[in-house]
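Undergrad: Pasting a structure here, questions to come.
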Amino acid sequence: MNPSVAVVILNWNGKAYLKQFLPGILLSEYDNLQIVVGDNASTDDSVLFLQENFPTVKIIQNDQNYGFAGGYNKVLERVEADYFVLLNSDVEVTPNWIKPVVDLMESDMRIASAQPKIKWQLNKKQFEYAGAAGGYLDIYSFPFCRGRLFNVYELDNGQYNDAREVFWASGAAFFIKSKCWIEAGGLDADLFAHMEEIDLCWRLKNLNYKVMYCPDAEVYHVGGGTLQTENPFKTYLNFRNNLIIMQKNLPAGDAIFRITIRMFIDFVAWWHFLLTGKPKFTMAVTKGHWHFLKSLLKTSKKRTAFQKNYTKHTGVYNNSIVWAFFIKKIQYFSKLK
């Protein structure tokens, strides 16, 4: 029998997405599968809708909205399976999207986490923002994806059809061995949302595990189902959380060096938002940096004894992706050197 898999969808006022995509998830071709919806204290009638229309789906209700990270932590405490799949509610799956990823992960005991190929649900030939063909970090821990650099999204022409180790797997369709989830301590609830999966993958890699991309499975993500891309709060979370995960996971001296440079790069973004008439985004960067500095002591207590040399990790691009994209005008992952 195949290893047991729990596909867990965290819902918050997402009845429309559940109605649209849950029927396809229930048709997934896997013989040892449970479907779970964790509800983050929705104020719509999501739970009633599930109870009336999807009686085979297990519903776990949180007593409040704990965000993406805290919400999943609360829900997964009550789920038992060999594999957890954290699946966004705005993801359309294909019938055989589970087994290829599990088979890849079963092939190597060091593989802790993986993601399928993630494309845009509104244009299924195009890679999607949140994950594409696997996640990378640049020399200053700026995240980007194979198949998506900033606002340039490649079409899928089979150019990324090789399974490979990456730095991070997307939280939109995040596969993880449950024992590795427990060992690493799950997601960092203080991050609330955005980059929490990067933080978890980084901790796994520091524990000598691998994170993989599987091209033989494919899903389609709408994107921005909870927070739209052009949202100051999302900008705040991204700038704050990126600095926090650097402090948590880099060796001490390296963290000081790279965070200092990264804050300077962020300052350039601050000026860009200001000069292009986006004062709310300028304030989001300021707020993100201020809250990072306020949390320095708290974050320092989360550091473990397992910080590894950053540039030795697979999935690190040893140059600046900002410089490559905006100055050298490199728009495709395959052109990076």
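Labeling convention for the structure tokens: chains A, B, ... as they appear, residues from 1 per chain, ligands from 1 in order of appearance.
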So that I can check the surroundings of region 271-283 of chain A, please list as a ChimeraX atom specification every protein, DNA and RNA residue that reaches within 10 Å of it, counting only C-alpha atoms and ignoring chain neighbours fewer than 5 positions away.
TA: /A:230-236,266,288-289
Undergrad: Could you pull the residues within 9 Å of Asp254 (chain A), counting only C-alpha atoms, minus those fewer than 5 positions along the same chain, as a list of chain:residue names?
TA: A:Ile259, A:Asn309, A:Tyr310
Undergrad: Running DSSP on the backbone, which parts of region 134-316 of chain A land in alpha helix (DSSP H), as a CSV table (one decimal) with N, CA and C atoms, in the first residue's frame?
TA:
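The resulting file, states_7.csv, is reproduced below:
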chain,number,residue,atom,x,y,z
A,178,SER,N,5.5,13.7,7.5
A,178,SER,CA,5.0,14.2,8.8
A,178,SER,C,6.1,14.1,9.9
A,179,LYS,N,7.0,13.1,9.9
A,179,LYS,CA,8.0,13.0,10.9
A,179,LYS,C,9.0,14.2,10.8
A,180,CYS,N,9.2,14.7,9.6
A,180,CYS,CA,10.1,15.8,9.4
A,180,CYS,C,9.4,17.1,9.8
A,181,TRP,N,8.1,17.2,9.6
A,181,TRP,CA,7.3,18.3,10.1
A,181,TRP,C,7.5,18.4,11.6
A,182,ILE,N,7.4,17.3,12.3
A,182,ILE,CA,7.5,17.3,13.8
A,182,ILE,C,8.9,17.6,14.2
A,183,GLU,N,9.9,17.0,13.5
A,183,GLU,CA,11.3,17.2,13.9
A,183,GLU,C,11.7,18.7,13.8
A,184,ALA,N,11.2,19.3,12.7
A,184,ALA,CA,11.6,20.7,12.5
A,184,ALA,C,10.7,21.7,13.3
A,196,GLU,N,6.8,31.6,5.4
A,196,GLU,CA,6.9,30.6,6.4
A,196,GLU,C,7.4,29.3,5.9
A,197,GLU,N,7.0,29.0,4.6
A,197,GLU,CA,7.5,27.7,4.0
A,197,GLU,C,9.0,27.8,3.7
A,198,ILE,N,9.5,29.0,3.3
A,198,ILE,CA,10.9,29.1,3.1
A,198,ILE,C,11.7,28.9,4.4
A,199,ASP,N,11.2,29.5,5.5
A,199,ASP,CA,11.8,29.3,6.8
A,199,ASP,C,11.8,27.8,7.2
A,200,LEU,N,10.7,27.1,6.9
A,200,LEU,CA,10.7,25.7,7.3
A,200,LEU,C,11.7,24.9,6.4
A,201,CYS,N,11.7,25.2,5.1
A,201,CYS,CA,12.6,24.5,4.3
A,201,CYS,C,14.1,24.8,4.6
A,202,TRP,N,14.4,26.0,5.0
A,202,TRP,CA,15.7,26.4,5.5
A,202,TRP,C,16.1,25.6,6.7
A,203,ARG,N,15.2,25.5,7.7
A,203,ARG,CA,15.5,24.7,8.9
A,203,ARG,C,15.7,23.2,8.5
A,204,LEU,N,14.9,22.7,7.6
A,204,LEU,CA,15.1,21.3,7.2
A,204,LEU,C,16.5,21.1,6.5
A,205,LYS,N,16.9,22.1,5.7
A,205,LYS,CA,18.2,22.0,5.0
A,205,LYS,C,19.3,22.1,6.0
A,206,ASN,N,19.1,22.9,7.0
A,206,ASN,CA,20.1,23.0,8.1
A,206,ASN,C,20.2,21.7,8.9
A,232,PRO,N,-0.4,46.4,0.5
A,232,PRO,CA,0.7,46.9,1.4
A,232,PRO,C,0.9,45.9,2.6
A,233,PHE,N,-0.1,45.3,3.1
A,233,PHE,CA,0.1,44.3,4.2
A,233,PHE,C,1.0,43.1,3.7
A,234,LYS,N,0.8,42.7,2.5
A,234,LYS,CA,1.6,41.6,2.0
A,234,LYS,C,3.0,42.1,1.8
A,235,THR,N,3.2,43.3,1.4
A,235,THR,CA,4.6,43.9,1.2
A,235,THR,C,5.2,43.9,2.6
A,236,TYR,N,4.5,44.4,3.6
A,236,TYR,CA,5.0,44.4,5.0
A,236,TYR,C,5.5,43.1,5.4
A,237,LEU,N,4.6,42.0,5.3
A,237,LEU,CA,5.0,40.7,5.7
A,237,LEU,C,6.2,40.2,5.0
A,238,ASN,N,6.3,40.4,3.7
A,238,ASN,CA,7.4,39.9,2.9
A,238,ASN,C,8.7,40.6,3.4
A,239,PHE,N,8.7,41.9,3.6
A,239,PHE,CA,10.0,42.5,4.0
A,239,PHE,C,10.4,42.2,5.4
A,240,ARG,N,9.4,42.1,6.3
A,240,ARG,CA,9.7,41.8,7.7
A,240,ARG,C,10.1,40.3,7.8
A,241,ASN,N,9.4,39.4,7.2
A,241,ASN,CA,9.6,38.0,7.4
A,241,ASN,C,10.9,37.6,6.7
A,242,ASN,N,11.3,38.2,5.6
A,242,ASN,CA,12.5,37.8,5.0
A,242,ASN,C,13.7,38.1,5.9
A,243,LEU,N,13.7,39.2,6.6
A,243,LEU,CA,14.8,39.5,7.5
A,243,LEU,C,14.8,38.6,8.7
A,244,ILE,N,13.6,38.3,9.2
A,244,ILE,CA,13.5,37.4,10.3
A,244,ILE,C,14.0,36.0,10.0
A,245,ILE,N,13.7,35.4,8.9
A,245,ILE,CA,14.2,34.1,8.6
A,245,ILE,C,15.7,34.1,8.3
A,246,MET,N,16.2,35.2,7.9
A,246,MET,CA,17.7,35.3,7.7
A,246,MET,C,18.3,35.3,9.1
A,247,GLN,N,17.8,36.0,10.0
A,247,GLN,CA,18.4,36.0,11.4
A,247,GLN,C,18.3,34.6,12.0
A,248,LYS,N,17.2,33.9,11.8
A,248,LYS,CA,17.0,32.6,12.4
A,248,LYS,C,17.9,31.6,11.8
A,249,ASN,N,18.2,31.6,10.6
A,249,ASN,CA,18.8,30.4,9.9
A,249,ASN,C,20.2,30.6,9.4
A,252,ALA,N,25.8,33.1,12.7
A,252,ALA,CA,25.7,34.4,13.3
A,252,ALA,C,26.4,35.6,12.6
A,253,GLY,N,27.7,35.4,12.3
A,253,GLY,CA,28.5,36.4,11.6
A,253,GLY,C,27.9,36.7,10.2
A,254,ASP,N,27.6,35.6,9.5
A,254,ASP,CA,27.0,35.7,8.2
A,254,ASP,C,25.7,36.5,8.2
A,255,ALA,N,24.9,36.2,9.2
A,255,ALA,CA,23.6,36.9,9.3
A,255,ALA,C,23.8,38.4,9.4
A,256,ILE,N,24.7,38.9,10.2
A,256,ILE,CA,24.9,40.3,10.4
A,256,ILE,C,25.3,40.9,9.0
A,257,PHE,N,26.2,40.2,8.3
A,257,PHE,CA,26.7,40.7,7.1
A,257,PHE,C,25.6,40.8,6.0
A,258,ARG,N,24.9,39.7,5.8
A,258,ARG,CA,23.9,39.6,4.8
A,258,ARG,C,22.7,40.5,5.1
A,259,ILE,N,22.3,40.5,6.4
A,259,ILE,CA,21.1,41.4,6.7
A,259,ILE,C,21.4,42.8,6.5
A,260,THR,N,22.6,43.3,6.8
A,260,THR,CA,23.0,44.7,6.6
A,260,THR,C,22.9,45.0,5.2
A,261,ILE,N,23.4,44.2,4.3
A,261,ILE,CA,23.3,44.5,2.8
A,261,ILE,C,21.9,44.4,2.4
A,262,ARG,N,21.2,43.4,2.9
A,262,ARG,CA,19.8,43.3,2.5
A,262,ARG,C,18.9,44.5,2.9
A,263,MET,N,19.2,45.0,4.0
A,263,MET,CA,18.4,46.2,4.5
A,263,MET,C,18.7,47.4,3.6
A,264,PHE,N,20.0,47.5,3.1
A,264,PHE,CA,20.3,48.6,2.1
A,264,PHE,C,19.5,48.4,0.8
A,265,ILE,N,19.5,47.1,0.3
A,265,ILE,CA,18.7,46.8,-0.9
A,265,ILE,C,17.2,47.2,-0.7
A,266,ASP,N,16.7,46.9,0.5
A,266,ASP,CA,15.3,47.2,0.8
A,266,ASP,C,15.1,48.7,0.8
A,267,PHE,N,16.1,49.5,1.2
A,267,PHE,CA,16.0,50.9,1.2
A,267,PHE,C,15.9,51.4,-0.2
A,268,VAL,N,16.5,50.8,-1.1
A,268,VAL,CA,16.4,51.2,-2.6
A,268,VAL,C,14.9,51.0,-3.0
A,269,ALA,N,14.3,49.8,-2.5
A,269,ALA,CA,12.9,49.6,-2.8
A,269,ALA,C,12.0,50.6,-2.1
A,270,TRP,N,12.4,51.1,-0.9
A,270,TRP,CA,11.7,52.1,-0.2
A,270,TRP,C,11.6,53.4,-1.1
A,271,TRP,N,12.7,53.8,-1.6
A,271,TRP,CA,12.8,55.0,-2.5
A,271,TRP,C,12.0,54.8,-3.8
A,272,HIS,N,12.0,53.6,-4.3
A,272,HIS,CA,11.3,53.3,-5.5
A,272,HIS,C,9.8,53.5,-5.3
A,273,PHE,N,9.3,52.9,-4.2
A,273,PHE,CA,7.9,53.1,-3.8
A,273,PHE,C,7.5,54.5,-3.6
A,274,LEU,N,8.4,55.3,-3.0
A,274,LEU,CA,8.1,56.7,-2.7
A,274,LEU,C,8.1,57.5,-4.0
A,275,LEU,N,9.0,57.3,-4.9
A,275,LEU,CA,9.1,58.1,-6.1
A,275,LEU,C,8.1,57.7,-7.1
A,279,PRO,N,2.9,55.6,-1.4
A,279,PRO,CA,3.3,55.9,0.0
A,279,PRO,C,3.0,54.7,1.0
A,280,LYS,N,1.9,54.0,0.7
A,280,LYS,CA,1.5,52.9,1.6
A,280,LYS,C,2.5,51.8,1.6
A,281,PHE,N,3.1,51.6,0.4
A,281,PHE,CA,4.1,50.6,0.3
A,281,PHE,C,5.4,51.0,0.9
A,282,THR,N,5.7,52.3,0.8
A,282,THR,CA,6.9,52.9,1.5
A,282,THR,C,6.8,52.7,3.0
A,283,MET,N,5.6,52.9,3.5
A,283,MET,CA,5.3,52.7,4.9
A,283,MET,C,5.4,51.3,5.3
A,284,ALA,N,5.0,50.4,4.4
A,284,ALA,CA,5.0,49.0,4.7
A,284,ALA,C,6.4,48.5,4.8
A,285,VAL,N,7.4,49.0,4.0
A,285,VAL,CA,8.8,48.6,4.2
A,285,VAL,C,9.3,49.2,5.5
A,286,THR,N,9.0,50.4,5.8
A,286,THR,CA,9.4,51.0,7.1
A,286,THR,C,8.9,50.2,8.3
A,287,LYS,N,7.7,49.8,8.2
A,287,LYS,CA,7.0,49.1,9.3
A,287,LYS,C,7.7,47.7,9.4
A,288,GLY,N,7.9,47.1,8.2
A,288,GLY,CA,8.5,45.8,8.2
A,288,GLY,C,9.9,45.8,8.9
A,289,HIS,N,10.7,46.8,8.6
A,289,HIS,CA,12.1,46.9,9.2
A,289,HIS,C,12.0,47.2,10.7
A,290,TRP,N,11.0,48.0,11.1
A,290,TRP,CA,10.9,48.4,12.5
A,290,TRP,C,10.5,47.2,13.3
A,291,HIS,N,9.5,46.4,12.8
A,291,HIS,CA,9.1,45.3,13.5
A,291,HIS,C,10.1,44.1,13.6
A,292,PHE,N,10.9,44.1,12.5
A,292,PHE,CA,12.1,43.1,12.5
A,292,PHE,C,13.0,43.5,13.7
A,293,LEU,N,13.4,44.8,13.7
A,293,LEU,CA,14.3,45.2,14.8
A,293,LEU,C,13.8,45.0,16.2
A,294,LYS,N,12.5,45.3,16.3
A,294,LYS,CA,11.8,45.1,17.6
A,294,LYS,C,11.8,43.6,18.1
A,296,LEU,N,14.2,41.4,17.4
A,296,LEU,CA,15.6,40.8,17.3
A,296,LEU,C,15.8,39.8,18.5
A,297,LEU,N,15.4,40.2,19.7
A,297,LEU,CA,15.7,39.3,20.9
A,297,LEU,C,14.8,38.1,20.8
A,298,LYS,N,13.6,38.2,20.5
A,298,LYS,CA,12.7,37.1,20.4
A,298,LYS,C,13.1,36.1,19.3
A,299,THR,N,13.5,36.7,18.2
A,299,THR,CA,14.0,35.8,17.0
A,299,THR,C,15.3,35.1,17.4
A,300,SER,N,16.2,35.8,18.1
A,300,SER,CA,17.5,35.2,18.5
A,300,SER,C,17.2,33.9,19.3
Undergrad: Point out the residue among A:Ala173, A:Leu207, A:Met1, A:Val316 with the least atom-to-atom distance to Ala112 (chain A), counting only C-alpha atoms.
TA: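 Closest candidate: A:Leu207.
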Undergrad: Do you have the CA of Arg146 (chain A)-CA of Ala6 (chain A) distance handy?
TA: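 Here the two named atoms are 26.9 Å from each other.
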Undergrad: For each of A:Met105, A:Val85, A:Ala41, A:Ala16, take the minimum atom-to-atom distance to Tyr66 (chain A), counting only C-alpha atoms, then give the residue where this is smallest.
TA: A:Ala41
Undergrad: Write out as a PyMOL selection string which residues come within 7 Å of Ser46 (chain A) when counting only C-alpha atoms, dropping same-chain ones fewer than 4 positions away.
TA: chain A and resi 13-15+42+50
Undergrad: Per DSSP on the backbone, what are the strand (DSSP E or B) residues of region 125-268 of chain A, as a PyMOL selection string?
TA: chain A and resi 125-127+135-138+143-145+148-149+152-153+155+164-166+168+173-177+210-221
Undergrad: Next, the residues of the selection above should be written as an mmCIF file, in the first residue's frame with N, CA and C atoms.
TA:
data_model
loop_
_atom_site.group_PDB
_atom_site.id
_atom_site.type_symbol
_atom_site.label_atom_id
_atom_site.label_comp_id
_atom_site.auth_asym_id
_atom_site.auth_seq_id
_atom_site.Cartn_x
_atom_site.Cartn_y
_atom_site.Cartn_z
ATOM 1 N N LYS A 125 -0.568 27.441 -19.442
ATOM 2 C CA LYS A 125 0.722 27.278 -20.110
ATOM 3 C C LYS A 125 1.825 28.057 -19.396
ATOM 4 N N GLN A 126 1.442 28.883 -18.445
ATOM 5 C CA GLN A 126 2.369 29.820 -17.812
ATOM 6 C C GLN A 126 2.672 29.418 -16.375
ATOM 7 N N PHE A 127 3.945 29.531 -15.993
ATOM 8 C CA PHE A 127 4.314 29.286 -14.600
ATOM 9 C C PHE A 127 3.687 30.356 -13.701
ATOM 10 N N GLY A 135 11.730 26.780 -5.708
ATOM 11 C CA GLY A 135 12.183 28.038 -5.151
ATOM 12 C C GLY A 135 13.673 28.094 -4.865
ATOM 13 N N TYR A 136 14.250 29.284 -5.058
ATOM 14 C CA TYR A 136 15.673 29.559 -4.826
ATOM 15 C C TYR A 136 15.814 30.802 -3.963
ATOM 16 N N LEU A 137 17.000 30.988 -3.385
ATOM 17 C CA LEU A 137 17.369 32.228 -2.723
ATOM 18 C C LEU A 137 18.651 32.748 -3.353
ATOM 19 N N ASP A 138 18.780 34.075 -3.415
ATOM 20 C CA ASP A 138 20.019 34.625 -3.955
ATOM 21 C C ASP A 138 21.023 34.841 -2.826
ATOM 22 N N PRO A 143 14.159 35.708 -2.309
ATOM 23 C CA PRO A 143 13.562 34.526 -2.941
ATOM 24 C C PRO A 143 13.120 34.774 -4.378
ATOM 25 N N PHE A 144 13.260 33.749 -5.193
ATOM 26 C CA PHE A 144 12.732 33.780 -6.556
ATOM 27 C C PHE A 144 12.493 32.341 -6.979
ATOM 28 N N CYS A 145 11.980 32.159 -8.185
ATOM 29 C CA CYS A 145 11.589 30.819 -8.615
ATOM 30 C C CYS A 145 12.186 30.468 -9.971
ATOM 31 N N ARG A 148 10.126 31.902 -12.848
ATOM 32 C CA ARG A 148 9.527 33.206 -12.559
ATOM 33 C C ARG A 148 10.547 34.097 -11.860
ATOM 34 N N LEU A 149 10.967 35.149 -12.535
ATOM 35 C CA LEU A 149 11.829 36.154 -11.930
ATOM 36 C C LEU A 149 11.038 37.449 -11.827
ATOM 37 N N VAL A 152 8.232 38.542 -14.402
ATOM 38 C CA VAL A 152 8.354 37.842 -15.684
ATOM 39 C C VAL A 152 8.068 36.357 -15.443
ATOM 40 N N TYR A 153 7.018 35.876 -16.077
ATOM 41 C CA TYR A 153 6.563 34.500 -15.899
ATOM 42 C C TYR A 153 6.792 33.733 -17.193
ATOM 43 N N LEU A 155 6.599 30.708 -19.993
ATOM 44 C CA LEU A 155 5.697 29.666 -20.444
ATOM 45 C C LEU A 155 6.372 28.321 -20.239
ATOM 46 N N ARG A 164 14.766 18.033 -9.441
ATOM 47 C CA ARG A 164 16.022 18.517 -8.868
ATOM 48 C C ARG A 164 15.809 19.058 -7.468
ATOM 49 N N GLU A 165 16.909 19.107 -6.739
ATOM 50 C CA GLU A 165 16.872 19.711 -5.411
ATOM 51 C C GLU A 165 16.836 21.222 -5.552
ATOM 52 N N VAL A 166 15.973 21.858 -4.760
ATOM 53 C CA VAL A 166 15.838 23.311 -4.758
ATOM 54 C C VAL A 166 16.036 23.804 -3.321
ATOM 55 N N TRP A 168 13.633 25.924 -1.633
ATOM 56 C CA TRP A 168 12.341 25.895 -0.936
ATOM 57 C C TRP A 168 11.227 25.429 -1.855
ATOM 58 N N ALA A 173 1.378 24.266 -2.606
ATOM 59 C CA ALA A 173 1.194 22.810 -2.720
ATOM 60 C C ALA A 173 2.434 22.158 -2.117
ATOM 61 N N PHE A 174 2.468 22.120 -0.802
ATOM 62 C CA PHE A 174 3.670 21.798 -0.045
ATOM 63 C C PHE A 174 3.577 20.383 0.525
ATOM 64 N N PHE A 175 4.403 19.467 0.014
ATOM 65 C CA PHE A 175 4.468 18.095 0.505
ATOM 66 C C PHE A 175 5.574 18.001 1.555
ATOM 67 N N ILE A 176 5.279 17.339 2.677
ATOM 68 C CA ILE A 176 6.296 17.135 3.697
ATOM 69 C C ILE A 176 6.020 15.831 4.442
ATOM 70 N N LYS A 177 7.086 15.091 4.741
ATOM 71 C CA LYS A 177 6.949 13.907 5.577
ATOM 72 C C LYS A 177 6.571 14.366 6.981
ATOM 73 N N LYS A 210 16.783 17.296 2.291
ATOM 74 C CA LYS A 210 16.665 17.849 0.945
ATOM 75 C C LYS A 210 15.236 18.345 0.703
ATOM 76 N N VAL A 211 15.135 19.349 -0.164
ATOM 77 C CA VAL A 211 13.850 19.853 -0.650
ATOM 78 C C VAL A 211 13.863 19.690 -2.178
ATOM 79 N N MET A 212 12.797 19.116 -2.726
ATOM 80 C CA MET A 212 12.811 18.733 -4.136
ATOM 81 C C MET A 212 11.671 19.370 -4.937
ATOM 82 N N TYR A 213 11.909 19.457 -6.241
ATOM 83 C CA TYR A 213 10.884 19.837 -7.212
ATOM 84 C C TYR A 213 10.590 18.623 -8.077
ATOM 85 N N CYS A 214 9.300 18.308 -8.228
ATOM 86 C CA CYS A 214 8.873 17.148 -9.019
ATOM 87 C C CYS A 214 8.104 17.625 -10.252
ATOM 88 N N PRO A 215 8.661 17.465 -11.450
ATOM 89 C CA PRO A 215 7.990 17.949 -12.661
ATOM 90 C C PRO A 215 6.891 17.024 -13.169
ATOM 91 N N ASP A 216 6.809 15.821 -12.620
ATOM 92 C CA ASP A 216 5.847 14.835 -13.127
ATOM 93 C C ASP A 216 4.463 14.995 -12.520
ATOM 94 N N ALA A 217 4.302 15.952 -11.638
ATOM 95 C CA ALA A 217 2.997 16.287 -11.062
ATOM 96 C C ALA A 217 2.758 17.773 -11.300
ATOM 97 N N GLU A 218 1.512 18.141 -11.532
ATOM 98 C CA GLU A 218 1.217 19.506 -11.942
ATOM 99 C C GLU A 218 -0.071 19.985 -11.278
ATOM 100 N N VAL A 219 -0.041 21.236 -10.788
ATOM 101 C CA VAL A 219 -1.246 21.866 -10.253
ATOM 102 C C VAL A 219 -1.309 23.292 -10.799
ATOM 103 N N TYR A 220 -2.500 23.904 -10.639
ATOM 104 C CA TYR A 220 -2.733 25.244 -11.182
ATOM 105 C C TYR A 220 -3.253 26.159 -10.078
ATOM 106 N N HIS A 221 -2.522 27.231 -9.837
ATOM 107 C CA HIS A 221 -2.791 28.122 -8.702
ATOM 108 C C HIS A 221 -3.388 29.433 -9.195
#
